[in-house]
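Data file: model-v3.cif. Format and content: mmCIF, C-alpha atoms.
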```cif
data_final
loop_
_atom_site.label_atom_id
_atom_site.label_comp_id
_atom_site.auth_asym_id
_atom_site.auth_seq_id
_atom_site.Cartn_x
_atom_site.Cartn_y
_atom_site.Cartn_z
CA MET B 31 129.89 113.83 15.62
CA GLY B 32 131.95 116.19 17.74
CA ASP B 33 133.27 115.94 21.23
CA LEU B 34 132.06 118.13 24.06
CA ASN B 35 134.16 119.04 27.08
CA ILE B 36 132.38 120.41 30.14
CA THR B 37 134.27 122.21 32.90
CA THR B 38 132.31 123.02 36.06
CA ARG B 39 133.18 125.71 38.59
CA THR B 40 131.37 127.92 41.07
CA ALA B 41 131.52 131.70 41.47
CA ASP B 42 129.32 133.81 43.77
CA GLY B 43 126.83 131.00 44.33
CA VAL B 44 126.43 130.30 40.61
CA THR B 45 127.53 127.07 38.97
CA ILE B 46 129.28 127.87 35.70
CA LEU B 47 129.52 125.26 32.97
CA GLU B 48 132.20 126.12 30.45
CA LEU B 49 131.57 124.15 27.28
CA SER B 50 134.02 123.54 24.46
CA GLY B 51 133.44 121.57 21.30
CA SER B 52 130.20 120.60 19.59
CA ILE B 53 126.76 120.08 21.08
CA GLN B 54 125.19 117.68 18.61
CA LEU B 55 122.95 114.66 18.30
CA GLY B 56 124.40 111.77 20.23
CA THR B 57 126.81 111.66 23.11
CA SER B 58 127.57 115.36 23.46
CA SER B 59 123.92 116.37 23.63
CA SER B 60 123.03 113.71 26.20
CA GLN B 61 126.22 114.49 28.17
CA LEU B 62 125.10 118.11 28.58
CA HIS B 63 121.59 117.13 29.64
CA GLN B 64 122.90 114.55 32.13
CA THR B 65 125.33 117.08 33.60
CA LEU B 66 122.49 119.56 34.17
CA LYS B 67 120.28 116.86 35.73
CA THR B 68 123.11 115.83 38.07
CA LEU B 69 123.61 119.44 39.17
CA VAL B 70 119.92 119.83 39.98
CA GLU B 71 119.88 116.52 41.88
CA GLY B 72 122.88 117.82 43.84
CA GLY B 73 120.95 120.92 44.87
CA GLU B 74 122.34 123.45 42.39
CA ARG B 75 119.74 126.01 41.35
CA ASN B 76 121.65 128.79 39.55
CA VAL B 77 123.50 127.68 36.44
CA LEU B 78 125.29 129.76 33.81
CA ILE B 79 126.45 128.08 30.62
CA ASN B 80 129.43 129.73 28.94
CA LEU B 81 129.26 128.96 25.21
CA ALA B 82 132.41 130.88 24.18
CA LYS B 83 134.26 127.75 23.01
CA VAL B 84 131.31 125.91 21.42
CA THR B 85 132.16 125.31 17.77
CA SER B 86 128.72 124.09 16.65
CA ILE B 87 125.29 123.27 17.95
CA ASP B 88 122.45 121.43 16.24
CA SER B 89 118.75 121.00 17.00
CA SER B 90 119.50 118.18 19.44
CA GLY B 91 121.94 120.45 21.28
CA LEU B 92 119.29 123.16 21.46
CA GLY B 93 116.90 120.53 22.78
CA SER B 94 119.35 119.69 25.57
CA LEU B 95 119.61 123.37 26.54
CA ILE B 96 115.81 123.65 26.59
CA ALA B 97 115.46 120.42 28.60
CA GLY B 98 118.05 121.71 31.10
CA TYR B 99 116.20 125.01 31.34
CA ALA B 100 112.94 123.17 32.03
CA THR B 101 114.57 120.90 34.63
CA LEU B 102 116.00 123.87 36.53
CA GLU B 103 112.78 125.87 36.25
CA LYS B 104 110.74 122.95 37.68
CA ASN B 105 113.12 122.90 40.62
CA ASP B 106 112.96 126.66 41.30
CA GLY B 107 116.26 127.28 39.53
CA THR B 108 117.54 129.36 36.64
CA LEU B 109 119.62 128.60 33.58
CA LYS B 110 121.33 131.47 31.78
CA LEU B 111 123.67 131.59 28.79
CA CYS B 112 126.68 133.76 28.00
CA ASN B 113 129.36 134.32 25.35
CA LEU B 114 127.34 133.11 22.37
CA SER B 115 129.12 132.99 19.03
CA THR B 116 127.63 134.78 16.04
CA ARG B 117 126.39 131.46 14.66
CA VAL B 118 124.68 130.48 17.92
CA ILE B 119 123.12 133.96 18.14
CA GLU B 120 121.70 133.46 14.64
CA LEU B 121 120.33 130.06 15.65
CA MET B 122 118.75 131.49 18.81
CA THR B 123 117.18 134.27 16.75
CA ILE B 124 115.77 131.95 14.08
CA THR B 125 114.31 129.58 16.68
CA LYS B 126 113.08 132.49 18.85
CA LEU B 127 114.90 131.04 21.87
CA PHE B 128 116.03 134.56 22.82
CA THR B 129 112.55 134.81 24.35
CA VAL B 130 113.23 131.77 26.56
CA PHE B 131 116.79 132.19 27.78
CA GLU B 132 118.43 135.11 29.54
CA ILE B 133 121.55 135.72 27.47
CA PHE B 134 124.58 137.78 28.49
CA ASP B 135 127.72 138.93 26.68
CA THR B 136 130.06 137.92 29.53
CA GLU B 137 130.05 135.78 32.67
CA SER B 138 130.14 138.78 34.98
#
```
Represent the supplied structure as structure tokens.
Amino acid sequence: MGDLNITTRTADGVTILELSGSIQLGTSSSQLHQTLKTLVEGGERNVLINLAKVTSIDSSGLGSLIAGYATLEKNDGTLKLCNLSTRVIELMTITKLFTVFEIFDTES
């Protein structure tokens, strides 16, 4: 089970979560979901997750991203992703999650 580090910052009214490490079953997956829930409870509505430094993601990690997306959507917010690795792009393609998330090459 890998470790996940989450760095939060704000730019132009968007909360950016910079993730590094693994998003997998267990602590890292629940840590991501809890972070997103806390942001929504704090009034944040526009969240961008930068996945540039994510080394691996499993189905539980994908589930946390989907749960975060649903939480923000229910609260009139948006969740977008950027800087996906080739492996994460393949996973998003196989699972057809490209149709759910707005995905960008860079933060800007």
**OP:** List, as a ChimeraX atom specification, every residue that the PyMOL selection byres ((chain B and resi 115) around 12) selects in the file provided.
**Re:** /B:50,80-87,111-114,116-122,133-136
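Closest approach to Gln54 of chain B from the set B:Asn105, B:Ser94, B:Thr125, B:Ser138 is made by B:Ser94, with distances taken over all atoms listed in the file.
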Subject >> Pairwise distance for atom CA of Phe131 of chain B and atom CA of His63 of chain B, rounded to one decimal in Å >> reply: 15.9 Å
Taking all listed atoms of segment 124-130 of chain B, build the axis-aligned box, pad each of the six sides by 6 Å, then write its centre and edge lengths in Å to one decimal as JSON.
```
{"center_x": 114.3, "center_y": 132.2, "center_z": 20.3, "size_x": 15.5, "size_y": 17.2, "size_z": 24.5}
```
Original post:
Between B:Ser58, B:Asn76, B:Ser90, B:Thr123, which has the minimum distance to Glu103 of chain B (counting only C-alpha atoms)?
Top reply: B:Asn76
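Straight-line separation from atom CA of Ile124 of chain B to atom CA of Gly98 of chain B: 20.0 Å.
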**OP:** Would you kindly translate the PyMOL selection byres ((chain B and resi 57) around 12) into the concrete residues it picks from this file, as a ChimeraX atom specification?
**Re:** /B:31-35,52-56,58-65,90-91,94
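Between atom CA of Ser89 of chain B and atom CA of Thr108 of chain B there is a distance of 21.4 Å.
By chain and then residue number, the residues within 7 Å of segment 72-75 of chain B are Thr68, Leu69, Val70, Val77, Leu102, Asp106, Gly107 and Thr108 of chain B, counting all atoms listed in the file and disregarding those fewer than 2 positions away in sequence.
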Original post:
Of the candidates B:Gly51, B:Lys110, B:Glu132, B:Leu66, which shows the shortest atom-to-atom distance to Ala97 of chain B, using only C-alpha atoms?
Top reply: B:Leu66
Subject >> Residue IDs satisfying the PyMOL selection byres ((chain B and resi 47) around 9), as a VMD selection string >> reply: chain B and resid 36 to 40 45 to 46 48 to 49 77 to 81
